[in-house]
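In what follows, a single structure is set out as C-alpha cells and then discussed.
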Amino acid sequence: MESFYQSAQYQSNPLRKLQDFIDNDSSLEKAKKYDEMRFVGYVLDIGYDEAKIITSDPYKIAVGGIPRGSFLIMTPDNFDNMPPHFTLLRVSGTSSTPLAQDTQQTYFELHKKSMPELDKWTIGELQWGALTTDILGMFYPSQEDDNKIEFSGDVNNIVSAHHYKVYAPTDELLELIINGMVREDGKYTLGKFRPTECQLPFQKNKLPNVDVNISTKDFIGFRTAMFGKTRLGKSNVVKLIARSIIETTKIERNVGQVIFDINGEYANDNPQDGNKSIRSAYPDRCQVYALNPREATPSNHLKLNFYEQPQSTINILKSLLIKENRGSIYIKSFQSVEMPSIDEIKKLSPNERTRSIRKVQYFWAILKSAGFNADETRLKTLGLSSRNAKDFNPCFNKGLREEAYRFTNKEIPAEINTLNQLVSELKVINQFRRENPEDKSLISSSGNPMFDVDDQALLDFLDPKSGSGPIVLRPFKEYHSPQAGDFVKEILEGLDEGKTIILDLGSATDEIRNYFADMLSKEVFLHQEKKFTSNTLNNSFIQLYFEEAHNLFPKNDSDFTGVYTRFAKEGAKFHIGLIYSTQSPSTINKELLAQTENFFIGHISSIGEVNALAGLQIAFDGIQKDITHTKKPGYMRMLTFSHRFVVPVQANKFEVV
C-alpha cells in the first residue's frame, strides 16, 4: 500500500519516465530480449566523484556503443520506498579490471600461437571490461512540488557498489537529462544532441534524436563566451541566439541587441557561402548602421566626429596613414603623437589644462586645413579654452605673439573666434618657431620650452616646410561628420524599442572598430545605469555581441576600470548581457571569464588552451581531449545557466524561413 501511494504521488513527475524505463528493461530481461535492453553493467567501485563500471561487449553493442563523453544513468537496484531518482554519469575512459593482467596474458598467448579461433568460454571471459565515469550529479523529485524535478551537482549518499545498476538512457530519458532543467520561459531549440563527432551507427541502433533546448532567460543579462577555431560555427550559434531573443521577445520587445559586425555577415547576405543575415530574417526588427553602405542592404550612415574624439581619432588617422604607406618625415612624426581626450582635459586643474588644450587646438587646425567640416558653435561648448571663453584662442603669451607677428610682417588679430583664425595664428607662430628656435620668447615662464616634441610634430604637420601637409588626410573625410554622435541617440532609442542594431564594420580598420565598440559600449552602460538610478530600468535589457573580443577586452587582469570589466561585474545589475567570441580562452581577461555563465566551445587545437578553460570553469574538466579532437562545423560543447553540466550539441544551421 505504501508503494502504491508513493507511485501515485509521483505519477505526474517527469521522473515517472525513469520508473517506466526500469520496468520495461526488467520485462525485456525476463523475456530474454537482451539485445533490446538498455542495461550496460554493474558498478565495480564508487566514490563521490567517480564510479568504475564493469560491462560487457554484448551490452555495449545492444545499446549502440558507449563512446567517451556519453551519458549513463546509475540507479539503485531497489528504491526501498524512496522517490524515483538517478545519478548522472559521463564516461571519461576505460579502466583496468582485477583480471586485466590475465586477459593480456591470454591475448599474448593467442597471438603468439596464431590460434585461429577462441572457445566460447574464453570469449565469454575476454569480452568483459571496465569504464571510468565522472559523477555529474543527481536528478530527483522536487521537495516543494511533486510535479517538478531538481538537479544537484553532488550526491547525498553512496552505498556499496553491488547495490547499483547502470543503464544507457533512451531518447526519452536523454530529453529529460538535457532539457529537464531548462526554463519553459523563453525556450528555444538550438540543435540536436550529439554525443560524438562520429555518426557511424550500429546495425539496428539508431543514433540519438533529441533536441537541445536553451532558454533565452539564460542569456538576457548574462555573460556568454564562444571559443574555437574560425570557420567552425561560432557566428552561426551567435545568429541562433540573436534569433531566439528576437523570437521569444516579439510581444514584449523588452530586449534590444547591438551586434558589432566586423565581417558584415550579420548585416548582409552572402549568396556564395549560402549564409543569410539576421537583418534579412527580421527586416522589421533590425536596423543596420554602416560605414560604407552596401547597395543590397538598407542602412543608415555610421560616421565619426573627428573633432570631439581627438584621442581616438588620431589613432585612427595614424592607422589609415600607415595603410596608405605615407613615408614623409613630418608624417612619421605626426604618427608618434599622443593626444589627450577631452574628458581627461576637463579633469585637470586650470593650471595644467593649457598645454593639453593647445594640443587639441593644433589637431583641430589640422582637421580644418584638411577640409573636415566642423560645427564650430558645438565645439565652443566643449569648454576647451584656456581663458574659459567660448573661442579658439590658444592664449600664447603677449611677447611670443608680438615677436612672431613682427617676424612675419603681419598684424596681430584682435580675436581668434573661428577655426580659420586659429589656423592662421598657428601658422604664424610655427613659422617663427621654426626660423628662430633659440628665441627667448619660446621659453615659458616656468623655464620649459613652449612647445614639446608632440607640439612640434603637430605644428609641422599643419604647416610643413615641404609636402602636402593636412591634405594627405582628405581621403579619410568619408569617416567624418560634424554631427556624428546623433546616431548614438538613435541607437539607444532603437534599443529601448527592442530593436536589433547591427553595426556593419566590415571595411573598417581595427582602430575604427575598437573606437565604435568602446564608444557605444560606454553609452549603453551609462544609458542603463541612468535608468537604474532613476528607477526606470524595469524589465528592459540590452544584449551586446562582440566578435574577435581579444582585440577589445583588457589584457591586464588587474584592470577593473574599463567598460568591459564593468560589464562583467555590474552588467547583470544594469540588465546588460554580453556575448563575446574569440579563438582562445587565454586571450580573454580572467576577470571576465570568471564572471561568464554560458559557454559554447568548438574545436580548440591547443591542450594548454582547453586546460586554461577547465581551470576557470570546472565543468569542462575531463573533456579537454574531446574538444581538441573534434572539428565538425557547428559541433559545440555547451554549458548554460540552466545546464549544470556540459552538453554536446550539433547546432542547427541558421536559415531564413
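Chain labels A, B, ... are given in the sequence in which chains occur in the C-alpha cells; within each chain residues are numbered consecutively from 1, and ligands are likewise numbered from 1 in the order shown.
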
**Message:** Going by DSSP on the backbone, which residues of segment 36-211 of chain A come out as strand (DSSP E)? List them as a PyMOL selection string.
**Reply:** chain A and resi 39-46+50-56+71-76+86-95+128-141+149-152+164-167+187-193+211

**Message:** Could you list, as a ChimeraX atom specification, every residue within 10 Å of Phe71 of chain A, counting only C-alpha atoms and ignoring same-chain residues fewer than 2 positions away?
**Reply:** /A:66-69,73,88-92,133-134,136,167-169,174,177,195,647

Deliver the residues from the most recent selection as a file, using N, CA and C atoms, as a tab-separated table (two decimals), in the first residue's frame.
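And here's result-v4.tsv as it stands now:
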chain	number	residue	atom	x	y	z
A	66	ILE	N	29.13	2.77	-26.38
A	66	ILE	CA	29.27	3.69	-25.24
A	66	ILE	C	30.52	4.53	-25.49
A	67	PRO	N	30.40	5.61	-26.23
A	67	PRO	CA	31.57	6.44	-26.51
A	67	PRO	C	32.00	7.27	-25.31
A	68	ARG	N	33.23	7.71	-25.34
A	68	ARG	CA	33.71	8.61	-24.29
A	68	ARG	C	32.90	9.91	-24.35
A	69	GLY	N	32.52	10.38	-23.20
A	69	GLY	CA	31.72	11.59	-23.12
A	69	GLY	C	30.23	11.35	-23.12
A	73	ILE	N	23.12	6.47	-16.84
A	73	ILE	CA	22.40	6.71	-15.59
A	73	ILE	C	22.63	5.54	-14.65
A	88	LEU	N	23.59	10.85	-12.61
A	88	LEU	CA	24.05	11.03	-13.99
A	88	LEU	C	25.56	10.82	-14.05
A	89	LEU	N	25.99	9.96	-14.97
A	89	LEU	CA	27.41	9.67	-15.17
A	89	LEU	C	27.83	10.10	-16.56
A	90	ARG	N	29.10	10.47	-16.69
A	90	ARG	CA	29.67	10.75	-18.01
A	90	ARG	C	30.92	9.90	-18.18
A	91	VAL	N	30.97	9.13	-19.25
A	91	VAL	CA	32.08	8.22	-19.48
A	91	VAL	C	33.35	9.03	-19.77
A	92	SER	N	34.40	8.77	-19.01
A	92	SER	CA	35.65	9.51	-19.19
A	92	SER	C	36.76	8.67	-19.80
A	133	THR	N	33.85	6.58	-15.08
A	133	THR	CA	32.87	7.64	-15.32
A	133	THR	C	32.98	8.72	-14.26
A	134	ASP	N	32.66	9.94	-14.67
A	134	ASP	CA	32.56	11.05	-13.73
A	134	ASP	C	31.13	11.15	-13.24
A	136	LEU	N	28.28	13.38	-12.35
A	136	LEU	CA	27.92	14.76	-12.62
A	136	LEU	C	26.91	15.30	-11.63
A	167	TYR	N	22.63	2.06	-16.74
A	167	TYR	CA	21.90	1.94	-18.00
A	167	TYR	C	22.33	3.04	-18.97
A	168	ALA	N	22.14	2.76	-20.26
A	168	ALA	CA	22.24	3.79	-21.29
A	168	ALA	C	20.85	4.37	-21.48
A	169	PRO	N	20.68	5.66	-21.32
A	169	PRO	CA	19.33	6.25	-21.39
A	169	PRO	C	18.74	6.20	-22.80
A	174	LEU	N	17.05	10.88	-22.26
A	174	LEU	CA	18.03	11.89	-22.66
A	174	LEU	C	17.37	13.27	-22.75
A	177	ILE	N	17.21	14.51	-19.31
A	177	ILE	CA	18.53	14.89	-18.81
A	177	ILE	C	18.97	16.23	-19.39
A	195	PRO	N	26.45	13.05	-29.02
A	195	PRO	CA	27.48	12.67	-28.06
A	195	PRO	C	28.88	12.58	-28.65
A	647	VAL	N	26.91	19.88	-22.34
A	647	VAL	CA	26.09	19.11	-23.28
A	647	VAL	C	26.68	19.25	-24.68

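The space between atom CA of Asn351 of chain A and atom CA of Arg401 of chain A spans 20.5 Å.
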
**All residues 12 Å or closer to segment 443-447 of chain A, only C-alpha atoms, same chain fewer than 2 positions away omitted, as a ChimeraX atom specification** = /A:351,354-355,396-400,433,436-441,449-452

**Item:** For Ser336 of chain A: contacts at 10 Å, only C-alpha atoms, fewer than 5 positions along chain excluded, given as a PyMOL selection string
**Value:** chain A and resi 314-315+318+331+453-454+457-458

**Asked** Ala619 of chain A: which residues within 7 Å, counting only C-alpha atoms, same-chain residues fewer than 4 positions away excluded, as a count of residues only?
**Response** 3

Identify, on the basis of only C-alpha atoms, every residue whose closest approach to His603 of chain A does not exceed 7 Å; exclude the query and any residue fewer than 6 positions from it along the same chain; express the result as a tab-separated table (two decimals) with all heavy atoms, in the first residue's frame.
chain	number	residue	atom	x	y	z
A	228	GLY	N	36.77	28.82	-30.04
A	228	GLY	CA	37.00	27.79	-31.05
A	228	GLY	C	37.63	28.38	-32.29
A	228	GLY	O	37.60	29.60	-32.51
A	229	LYS	N	38.19	27.51	-33.10
A	229	LYS	CA	38.83	27.94	-34.34
A	229	LYS	C	37.82	28.60	-35.26
A	229	LYS	O	36.62	28.33	-35.21
A	229	LYS	CB	39.46	26.73	-35.05
A	229	LYS	CG	40.66	26.13	-34.33
A	229	LYS	CD	41.86	27.05	-34.40
A	229	LYS	CE	43.10	26.37	-33.83
A	229	LYS	NZ	44.29	27.23	-33.90
A	627	ILE	N	37.47	18.07	-26.85
A	627	ILE	CA	37.43	19.39	-27.50
A	627	ILE	C	38.54	19.51	-28.55
A	627	ILE	O	38.34	20.09	-29.62
A	627	ILE	CB	37.56	20.50	-26.45
A	627	ILE	CG1	36.31	20.51	-25.54
A	627	ILE	CG2	37.73	21.87	-27.10
A	627	ILE	CD1	36.41	21.44	-24.36
A	628	THR	N	39.70	18.96	-28.26
A	628	THR	CA	40.82	19.06	-29.20
A	628	THR	C	40.68	18.12	-30.39
A	628	THR	O	41.24	18.37	-31.46
A	628	THR	CB	42.16	18.77	-28.50
A	628	THR	OG1	42.13	17.44	-27.96
A	628	THR	CG2	42.40	19.75	-27.37
A	630	THR	N	37.71	17.01	-31.97
A	630	THR	CA	36.56	17.15	-32.87
A	630	THR	C	36.60	18.48	-33.60
A	630	THR	O	36.89	19.51	-33.01
A	630	THR	CB	35.25	17.05	-32.07
A	630	THR	OG1	35.27	17.99	-30.99
A	630	THR	CG2	35.08	15.66	-31.49
A	631	LYS	N	36.29	18.44	-34.92
A	631	LYS	CA	36.39	19.65	-35.75
A	631	LYS	C	35.17	19.85	-36.64
A	631	LYS	O	35.20	20.64	-37.57
A	631	LYS	CB	37.65	19.58	-36.63
A	631	LYS	CG	38.95	19.55	-35.85
A	631	LYS	CD	40.15	19.54	-36.77
A	631	LYS	CE	40.30	20.84	-37.53
A	631	LYS	NZ	41.55	20.90	-38.32

**Message:** I'd like to know which of A:Leu348, A:Ile502, A:Met181, A:Leu304 is closest to Phe516 of chain A, using only C-alpha atoms.
**Reply:** A:Leu304

**Asked** Could you pull out all residues of segment 149-373 of chain A with a DSSP call of helix (DSSP H, G or I) and give them as a PyMOL selection string?
**Response** chain A and resi 161-163+171-179+216-218+234-248+278-281+310-324+329-335+342-347+350-370

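Nearest to Ile501 of chain A of all the residues A:Ile471, A:Cys286, A:Val610, A:Ile345 is A:Cys286, counting only C-alpha atoms.
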
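Straight-line separation from atom CA of Gln528 of chain A to atom CA of Pro340 of chain A: 27.0 Å.
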
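Of the residues under consideration (A:Lys187, A:Lys465, A:Lys347, A:Arg231), A:Lys187 shows the shortest atom-to-atom contact distance to Lys217 of chain A when counting only C-alpha atoms.
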
**Prompt:** Which residue out of A:Thr224, A:Asn305, A:Thr97, A:Ser152 has the minimum interatomic distance to Lys477 of chain A when only C-alpha atoms are used?
**Reply:** A:Asn305

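You will find atom CA of Val656 of chain A at 15.5 Å from atom CA of Ile245 of chain A.
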
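Closest approach to Thr377 of chain A among A:Ser521, A:Thr418, A:Gln199, A:Ser27: A:Thr418, based on only C-alpha atoms.
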
For the interface of segment 509-581 of chain A with segment 218-222 of chain A (cut-off 9 Å, counting only C-alpha atoms), please tabulate each contacting residue of segment 509-581 of chain A alongside its nearest pair of atoms and their separation in Å to one decimal, rows sorted by chain and increasing number, as JSON lines.
{"residue": "A:Phe541", "atom": "CA", "partner": "A:Gly221", "partner_atom": "CA", "distance": 6.6}
{"residue": "A:Ile542", "atom": "CA", "partner": "A:Gly221", "partner_atom": "CA", "distance": 7.3}
{"residue": "A:Gln543", "atom": "CA", "partner": "A:Ile220", "partner_atom": "CA", "distance": 6.7}
{"residue": "A:Ala568", "atom": "CA", "partner": "A:Phe222", "partner_atom": "CA", "distance": 8.7}
{"residue": "A:Gly571", "atom": "CA", "partner": "A:Gly221", "partner_atom": "CA", "distance": 6.9}
{"residue": "A:Ala572", "atom": "CA", "partner": "A:Gly221", "partner_atom": "CA", "distance": 5.1}
{"residue": "A:Lys573", "atom": "CA", "partner": "A:Gly221", "partner_atom": "CA", "distance": 8.2}
{"residue": "A:Phe574", "atom": "CA", "partner": "A:Gly221", "partner_atom": "CA", "distance": 8.1}
{"residue": "A:His575", "atom": "CA", "partner": "A:Gly221", "partner_atom": "CA", "distance": 4.9}
{"residue": "A:Ile576", "atom": "CA", "partner": "A:Gly221", "partner_atom": "CA", "distance": 4.8}
{"residue": "A:Gly577", "atom": "CA", "partner": "A:Gly221", "partner_atom": "CA", "distance": 3.8}
{"residue": "A:Leu578", "atom": "CA", "partner": "A:Phe222", "partner_atom": "CA", "distance": 6.3}
{"residue": "A:Ile579", "atom": "CA", "partner": "A:Phe222", "partner_atom": "CA", "distance": 8.2}
